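Q: Sharing structure.pdb below, PDB, C-alpha atoms, pLDDT in the B column:
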ATOM      1  CA  MET C 749     212.037-134.568  49.569  1.00 41.00           C
ATOM      2  CA  SER C 750     212.973-134.528  53.235  1.00 37.00           C
ATOM      3  CA  ILE C 751     215.454-137.013  54.700  1.00 39.00           C
ATOM      4  CA  ARG C 752     212.612-138.575  56.712  1.00 38.00           C
ATOM      5  CA  ALA C 753     210.435-139.017  53.588  1.00 36.00           C
ATOM      6  CA  ALA C 754     213.396-140.474  51.675  1.00 35.00           C
ATOM      7  CA  PHE C 755     214.088-142.917  54.530  1.00 32.00           C
ATOM      8  CA  THR C 756     210.411-143.935  54.671  1.00 33.00           C
ATOM      9  CA  LEU C 757     210.344-144.478  50.902  1.00 34.00           C
ATOM     10  CA  ALA C 758     213.565-146.522  51.088  1.00 36.00           C
ATOM     11  CA  ALA C 759     212.084-148.625  53.897  1.00 35.00           C
ATOM     12  CA  ILE C 760     208.927-149.287  51.871  1.00 35.00           C
ATOM     13  CA  ILE C 761     210.983-150.259  48.828  1.00 35.00           C
ATOM     14  CA  GLY C 762     213.113-152.518  51.036  1.00 38.00           C
ATOM     15  CA  ILE C 763     210.027-154.225  52.449  1.00 33.00           C
ATOM     16  CA  ALA C 764     208.660-154.750  48.945  1.00 33.00           C
ATOM     17  CA  ALA C 765     211.988-156.184  47.819  1.00 33.00           C
ATOM     18  CA  THR C 766     212.197-158.613  50.722  1.00 34.00           C
ATOM     19  CA  SER C 767     208.610-159.754  50.295  1.00 36.00           C
ATOM     20  CA  THR C 768     209.470-160.950  46.793  1.00 37.00           C
ATOM     21  CA  GLY C 769     213.032-161.905  47.692  1.00 43.00           C
ATOM     22  CA  ALA C 770     214.777-165.224  47.455  1.00 47.00           C
ATOM     23  CA  SER C 771     212.702-167.039  50.065  1.00 58.00           C
ATOM     24  CA  ALA C 772     209.863-168.881  48.407  1.00 65.00           C
ATOM     25  CA  ARG C 773     207.936-170.051  51.458  1.00 90.00           C
ATOM     26  CA  GLU C 774     204.447-168.932  52.308  1.00 96.00           C
ATOM     27  CA  VAL C 775     201.514-170.147  54.392  1.00 97.00           C
ATOM     28  CA  VAL C 776     198.673-171.428  52.197  1.00 97.00           C
ATOM     29  CA  PRO C 777     195.375-173.254  52.760  1.00 97.00           C
ATOM     30  CA  PHE C 778     195.953-176.993  52.436  1.00 96.00           C
ATOM     31  CA  GLU C 779     193.369-179.746  52.327  1.00 90.00           C
ATOM     32  CA  ALA C 780     194.820-183.235  52.199  1.00 82.00           C
ATOM     33  CA  ARG C 781     194.370-186.531  53.900  1.00 90.00           C
ATOM     34  CA  VAL C 782     197.727-186.557  55.607  1.00 95.00           C
ATOM     35  CA  SER C 783     198.687-185.959  59.214  1.00 96.00           C
ATOM     36  CA  PRO C 784     200.090-182.642  60.388  1.00 97.00           C
ATOM     37  CA  GLY C 785     203.866-182.702  60.184  1.00 97.00           C
ATOM     38  CA  THR C 786     203.874-184.548  56.843  1.00 98.00           C
ATOM     39  CA  VAL C 787     205.942-183.249  53.936  1.00 98.00           C
ATOM     40  CA  VAL C 788     204.054-183.436  50.622  1.00 98.00           C
ATOM     41  CA  ILE C 789     205.873-182.819  47.346  1.00 98.00           C
ATOM     42  CA  ARG C 790     203.784-182.134  44.257  1.00 97.00           C
ATOM     43  CA  THR C 791     206.192-182.744  41.420  1.00 97.00           C
ATOM     44  CA  ALA C 792     204.133-181.154  38.625  1.00 97.00           C
ATOM     45  CA  GLU C 793     203.765-177.985  40.717  1.00 97.00           C
ATOM     46  CA  ARG C 794     207.408-178.081  41.770  1.00 98.00           C
ATOM     47  CA  ARG C 795     206.230-177.292  45.298  1.00 98.00           C
ATOM     48  CA  LEU C 796     206.870-178.823  48.705  1.00 98.00           C
ATOM     49  CA  TYR C 797     204.238-178.488  51.436  1.00 98.00           C
ATOM     50  CA  TYR C 798     204.895-178.889  55.141  1.00 98.00           C
ATOM     51  CA  VAL C 799     201.438-179.689  56.509  1.00 98.00           C
ATOM     52  CA  ARG C 800     200.403-177.867  59.670  1.00 96.00           C
ATOM     53  CA  GLY C 801     197.551-178.835  61.977  1.00 90.00           C
ATOM     54  CA  ASP C 802     195.306-175.867  61.223  1.00 95.00           C
ATOM     55  CA  GLY C 803     194.239-176.509  57.616  1.00 95.00           C
ATOM     56  CA  THR C 804     197.312-174.757  56.244  1.00 97.00           C
ATOM     57  CA  ALA C 805     200.757-175.688  55.030  1.00 97.00           C
ATOM     58  CA  LEU C 806     204.044-173.956  54.508  1.00 98.00           C
ATOM     59  CA  ARG C 807     204.617-173.997  50.765  1.00 98.00           C
ATOM     60  CA  TYR C 808     208.079-173.844  49.243  1.00 98.00           C
ATOM     61  CA  ARG C 809     209.232-173.683  45.617  1.00 97.00           C
ATOM     62  CA  VAL C 810     211.553-176.573  44.792  1.00 98.00           C
ATOM     63  CA  ALA C 811     213.421-178.222  41.950  1.00 98.00           C
ATOM     64  CA  VAL C 812     212.479-181.835  41.290  1.00 98.00           C
ATOM     65  CA  GLY C 813     213.809-184.742  39.270  1.00 96.00           C
ATOM     66  CA  LYS C 814     214.316-184.456  35.540  1.00 95.00           C
ATOM     67  CA  PRO C 815     211.907-186.460  33.368  1.00 94.00           C
ATOM     68  CA  GLY C 816     212.868-190.107  33.774  1.00 93.00           C
ATOM     69  CA  LYS C 817     214.600-189.378  37.105  1.00 94.00           C
ATOM     70  CA  GLN C 818     211.488-188.676  39.192  1.00 95.00           C
ATOM     71  CA  TRP C 819     210.054-190.980  41.813  1.00 95.00           C
ATOM     72  CA  PHE C 820     206.681-191.092  43.522  1.00 97.00           C
ATOM     73  CA  GLY C 821     205.535-192.682  46.739  1.00 97.00           C
ATOM     74  CA  GLU C 822     206.436-192.471  50.397  1.00 97.00           C
ATOM     75  CA  ALA C 823     209.629-192.211  52.369  1.00 98.00           C
ATOM     76  CA  ARG C 824     210.718-191.047  55.799  1.00 98.00           C
ATOM     77  CA  ILE C 825     213.445-188.638  56.770  1.00 98.00           C
ATOM     78  CA  ASP C 826     216.252-190.791  58.145  1.00 98.00           C
ATOM     79  CA  GLY C 827     218.953-188.167  58.673  1.00 98.00           C
ATOM     80  CA  LYS C 828     219.465-184.436  59.193  1.00 98.00           C
ATOM     81  CA  TYR C 829     222.785-182.844  58.193  1.00 97.00           C
ATOM     82  CA  VAL C 830     224.292-179.364  58.348  1.00 98.00           C
ATOM     83  CA  ARG C 831     226.541-178.445  55.382  1.00 97.00           C
ATOM     84  CA  PRO C 832     226.965-182.087  54.413  1.00 96.00           C
ATOM     85  CA  ALA C 833     229.731-183.471  52.256  1.00 95.00           C
ATOM     86  CA  TRP C 834     228.474-185.063  49.034  1.00 94.00           C
ATOM     87  CA  SER C 835     229.508-188.225  47.225  1.00 94.00           C
ATOM     88  CA  PRO C 836     227.927-188.499  43.792  1.00 93.00           C
ATOM     89  CA  PRO C 837     225.748-191.593  43.380  1.00 92.00           C
ATOM     90  CA  ASP C 838     226.952-194.115  40.777  1.00 93.00           C
ATOM     91  CA  GLU C 839     224.522-192.881  38.096  1.00 93.00           C
ATOM     92  CA  VAL C 840     225.621-189.265  38.531  1.00 93.00           C
ATOM     93  CA  LYS C 841     229.284-190.295  38.479  1.00 94.00           C
ATOM     94  CA  ARG C 842     228.741-192.286  35.263  1.00 95.00           C
ATOM     95  CA  ASP C 843     227.159-189.251  33.604  1.00 94.00           C
ATOM     96  CA  ASN C 844     229.817-186.884  35.001  1.00 93.00           C
ATOM     97  CA  PRO C 845     233.036-188.896  35.408  1.00 94.00           C
ATOM     98  CA  ARG C 846     235.079-185.763  36.199  1.00 94.00           C
ATOM     99  CA  LEU C 847     233.263-185.299  39.508  1.00 94.00           C
ATOM    100  CA  PRO C 848     235.415-185.987  42.557  1.00 94.00           C
ATOM    101  CA  ASP C 849     234.499-188.915  44.785  1.00 95.00           C
ATOM    102  CA  VAL C 850     233.653-186.507  47.625  1.00 96.00           C
ATOM    103  CA  ILE C 851     232.913-182.780  47.696  1.00 95.00           C
ATOM    104  CA  PRO C 852     233.419-181.331  51.185  1.00 95.00           C
ATOM    105  CA  GLY C 853     230.524-179.700  52.995  1.00 93.00           C
ATOM    106  CA  GLY C 854     230.413-175.958  52.499  1.00 91.00           C
ATOM    107  CA  ALA C 855     232.452-176.074  49.270  1.00 93.00           C
ATOM    108  CA  ALA C 856     231.148-173.754  46.544  1.00 89.00           C
ATOM    109  CA  ASN C 857     230.677-176.714  44.176  1.00 91.00           C
ATOM    110  CA  ASN C 858     228.836-178.877  46.741  1.00 94.00           C
ATOM    111  CA  PRO C 859     225.293-179.402  45.413  1.00 94.00           C
ATOM    112  CA  MET C 860     223.814-180.208  48.847  1.00 96.00           C
ATOM    113  CA  GLY C 861     223.766-176.624  50.079  1.00 96.00           C
ATOM    114  CA  ALA C 862     223.250-175.541  53.673  1.00 97.00           C
ATOM    115  CA  ARG C 863     221.258-178.539  54.936  1.00 98.00           C
ATOM    116  CA  ALA C 864     220.172-181.995  53.838  1.00 98.00           C
ATOM    117  CA  LEU C 865     217.341-184.258  54.933  1.00 98.00           C
ATOM    118  CA  THR C 866     218.171-187.753  53.733  1.00 97.00           C
ATOM    119  CA  LEU C 867     215.381-190.164  52.931  1.00 98.00           C
ATOM    120  CA  ASP C 868     215.128-193.881  53.626  1.00 97.00           C
ATOM    121  CA  LEU C 869     214.574-194.519  49.915  1.00 91.00           C
ATOM    122  CA  ASP C 870     217.526-195.099  47.588  1.00 86.00           C
ATOM    123  CA  GLU C 871     219.989-192.203  47.659  1.00 89.00           C
ATOM    124  CA  TYR C 872     217.474-189.355  47.684  1.00 95.00           C
ATOM    125  CA  ALA C 873     217.396-186.261  49.857  1.00 97.00           C
ATOM    126  CA  ILE C 874     215.665-182.952  50.293  1.00 98.00           C
ATOM    127  CA  HIS C 875     218.495-180.436  50.323  1.00 98.00           C
ATOM    128  CA  GLY C 876     219.664-176.910  49.662  1.00 97.00           C
ATOM    129  CA  THR C 877     221.430-175.911  46.485  1.00 95.00           C
ATOM    130  CA  ASN C 878     224.382-173.936  45.211  1.00 92.00           C
ATOM    131  CA  ARG C 879     222.292-173.270  42.060  1.00 94.00           C
ATOM    132  CA  PRO C 880     219.308-171.169  43.205  1.00 95.00           C
ATOM    133  CA  SER C 881     218.333-170.566  39.566  1.00 96.00           C
ATOM    134  CA  SER C 882     217.375-174.266  39.356  1.00 96.00           C
ATOM    135  CA  ILE C 883     214.512-173.801  41.839  1.00 97.00           C
ATOM    136  CA  GLY C 884     211.182-174.221  40.084  1.00 97.00           C
ATOM    137  CA  THR C 885     212.639-176.521  37.418  1.00 97.00           C
ATOM    138  CA  TYR C 886     213.130-180.200  36.645  1.00 97.00           C
ATOM    139  CA  ALA C 887     216.822-180.361  37.478  1.00 95.00           C
ATOM    140  CA  SER C 888     217.932-183.291  39.612  1.00 94.00           C
ATOM    141  CA  TYR C 889     218.449-187.036  39.555  1.00 95.00           C
ATOM    142  CA  GLY C 890     215.492-187.419  41.917  1.00 95.00           C
ATOM    143  CA  CYS C 891     216.449-185.286  44.894  1.00 96.00           C
ATOM    144  CA  ILE C 892     214.334-182.323  45.926  1.00 98.00           C
ATOM    145  CA  ARG C 893     216.252-179.031  45.888  1.00 97.00           C
ATOM    146  CA  MET C 894     215.323-175.992  47.928  1.00 98.00           C
ATOM    147  CA  LEU C 895     216.742-172.519  48.339  1.00 97.00           C
ATOM    148  CA  ASN C 896     219.277-172.639  51.169  1.00 97.00           C
ATOM    149  CA  GLU C 897     217.223-170.314  53.370  1.00 97.00           C
ATOM    150  CA  ASP C 898     214.158-172.515  52.807  1.00 98.00           C
ATOM    151  CA  ILE C 899     215.890-175.815  53.619  1.00 98.00           C
ATOM    152  CA  VAL C 900     217.216-174.209  56.812  1.00 98.00           C
ATOM    153  CA  ASP C 901     213.631-173.245  57.704  1.00 97.00           C
ATOM    154  CA  LEU C 902     212.242-176.716  56.931  1.00 98.00           C
ATOM    155  CA  TYR C 903     215.170-178.428  58.700  1.00 98.00           C
ATOM    156  CA  GLU C 904     214.197-176.682  61.947  1.00 97.00           C
ATOM    157  CA  GLN C 905     210.606-177.959  61.721  1.00 96.00           C
ATOM    158  CA  VAL C 906     211.012-181.627  60.827  1.00 98.00           C
ATOM    159  CA  SER C 907     212.570-184.541  62.642  1.00 98.00           C
ATOM    160  CA  VAL C 908     213.985-187.932  61.775  1.00 98.00           C
ATOM    161  CA  GLY C 909     210.971-190.119  61.034  1.00 98.00           C
ATOM    162  CA  THR C 910     208.922-187.375  59.357  1.00 98.00           C
ATOM    163  CA  ARG C 911     206.755-188.815  56.578  1.00 98.00           C
ATOM    164  CA  VAL C 912     207.432-187.584  53.032  1.00 98.00           C
ATOM    165  CA  VAL C 913     204.860-188.150  50.279  1.00 98.00           C
ATOM    166  CA  VAL C 914     205.791-187.456  46.650  1.00 98.00           C
ATOM    167  CA  VAL C 915     202.946-187.237  44.135  1.00 97.00           C
ATOM    168  CA  PRO C 916     202.840-186.342  40.454  1.00 96.00           C
TER     169      PRO C 916
END
How does the structure come out when it is put into structure tokens?
A:
Amino acid sequence: MSIRAAFTLAAIIGIAATSTGASAREVVPFEARVSPGTVVIRTAERRLYYVRGDGTALRYRVAVGKPGKQWFGEARIDGKYVRPAWSPPDEVKRDNPRLPDVIPGGAANNPMGARALTLDLDEYAIHGTNRPSSIGTYASYGCIRMLNEDIVDLYEQVSVGTRVVVVP
């Protein structure tokens, strides 16, 4: 095999690997009665949709609340944070008393990941994760977890005030 053929084969393999890589986002057809710019989370699917104005949405794989920790309804994004520090909510602290009161942003054990979009409902957020293997599962106390590269992508597209709809 020539060097050129080997390079071409390696490039093709690399493209195939990146197309199935860590990023879970894709553009999909989306029919819903919500305005463009709305974030829709379908808990049973463990998917988040960012609705676009052309009959499509960006779809992301997410982790959602554990059974008994899920919530449904509407909220709005009320804050956008880069590498946020994290203070465990009271319920999490009760279940895990060894957790520190604050975990600095960017720390390896910080569960918020690269970005966080806080919601105006209780102590919930849409955020990155330091546990990418949890994506696609029922893992949280009600927050929505995304791969870090996906929350960075979503973070760039939404603003404070963006509507978030969570359905079963």
Q: Can you pull out every residue within 9 Å of Arg824 of chain C, counting only C-alpha atoms, but drop anything in the same chain fewer than 2 positions away, and send it as a list of chain:residue names?
A: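 In the requested form, the answer reads C:Glu822, C:Asp826, C:Thr866, C:Leu867, C:Asp868, C:Leu869, C:Val908, C:Gly909, C:Thr910, C:Arg911, C:Val912, C:Val913.
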Q: Please report the interatomic distance between atom CA of Glu793 of chain C and atom CA of Gly890 of chain C in Å with one decimal.
A: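 Computed distance, atom CA of Glu793 of chain C to atom CA of Gly890 of chain C, equals 15.1 Å.
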Q: Exactly which residues make up the result of the PyMOL selection byres ((chain C and resi 786-789) around 6) on this file, given as JSON, numbers by chain?
A: {"C": [783, 784, 785, 790, 791, 795, 796, 797, 798, 799, 911, 912, 913, 914]}
Q: Hey, can you check how far atom CA of Arg781 of chain C sits from atom CA of Pro916 of chain C?
A: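 Separation of atom CA of Arg781 of chain C and atom CA of Pro916 of chain C: 15.9 Å.
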Q: Which is closer to Tyr829 of chain C than all the others in C:Val915, C:Asp870, C:Arg863, C:Arg893, using all atoms listed in the file?
A: C:Arg863
Q: Would you kindly translate the PyMOL selection byres ((chain C and resi 804) around 6) into the concrete residues it picks from this file, as a list in words?
A: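 Output from the PyMOL selection byres ((chain C and resi 804) around 6), applied to this file: Val776, Pro777, Phe778, Arg800, Asp802, Gly803 and Ala805 of chain C.
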Q: Could you check the closest approach to Pro852 of chain C for each of C:Pro836, C:Leu865, C:Gln818, C:Met894 and tell me which residue wins, using all atoms listed in the file?
A: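 Checking each of C:Pro836, C:Leu865, C:Gln818, C:Met894 against Pro852 of chain C, counting all atoms listed in the file, the winner is C:Pro836.
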Q: Starting from the PyMOL selection byres ((chain C and resi 877-882) around 12), expand the selection into actual residues of this file and give them as a count of residues only.
A: 45
Q: Hey, can I get the axis-aligned box for segment 879-884 of chain C? All listed atoms, 4 Å padding on each side, centre and edge lengths in Å to one decimal, as AutoDock Vina command-line options.
A:
--center_x 216.7 --center_y -172.4 --center_z 41.3 --size_x 19.1 --size_y 11.7 --size_z 11.8
Q: Rank nothing, just name the residue among C:Arg846, C:Lys841, C:Lys828, C:Lys817 nearest to Gln905 of chain C, using all atoms listed in the file.
A: C:Lys828
Q: Find the distance between atom CA of Glu774 of chain C and atom CA of Ala833 of chain C and write it in Å to one decimal.
A: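 Rounded to one decimal, the two atoms are 29.2 Å apart.
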Q: With all atoms listed in the file as the basis for distance, which of C:Ile825, C:Glu779, C:Gly801, C:Gly816 is at the shortest distance from Val906 of chain C?
A: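 Of all the options, C:Ile825 lies closest to Val906 of chain C.
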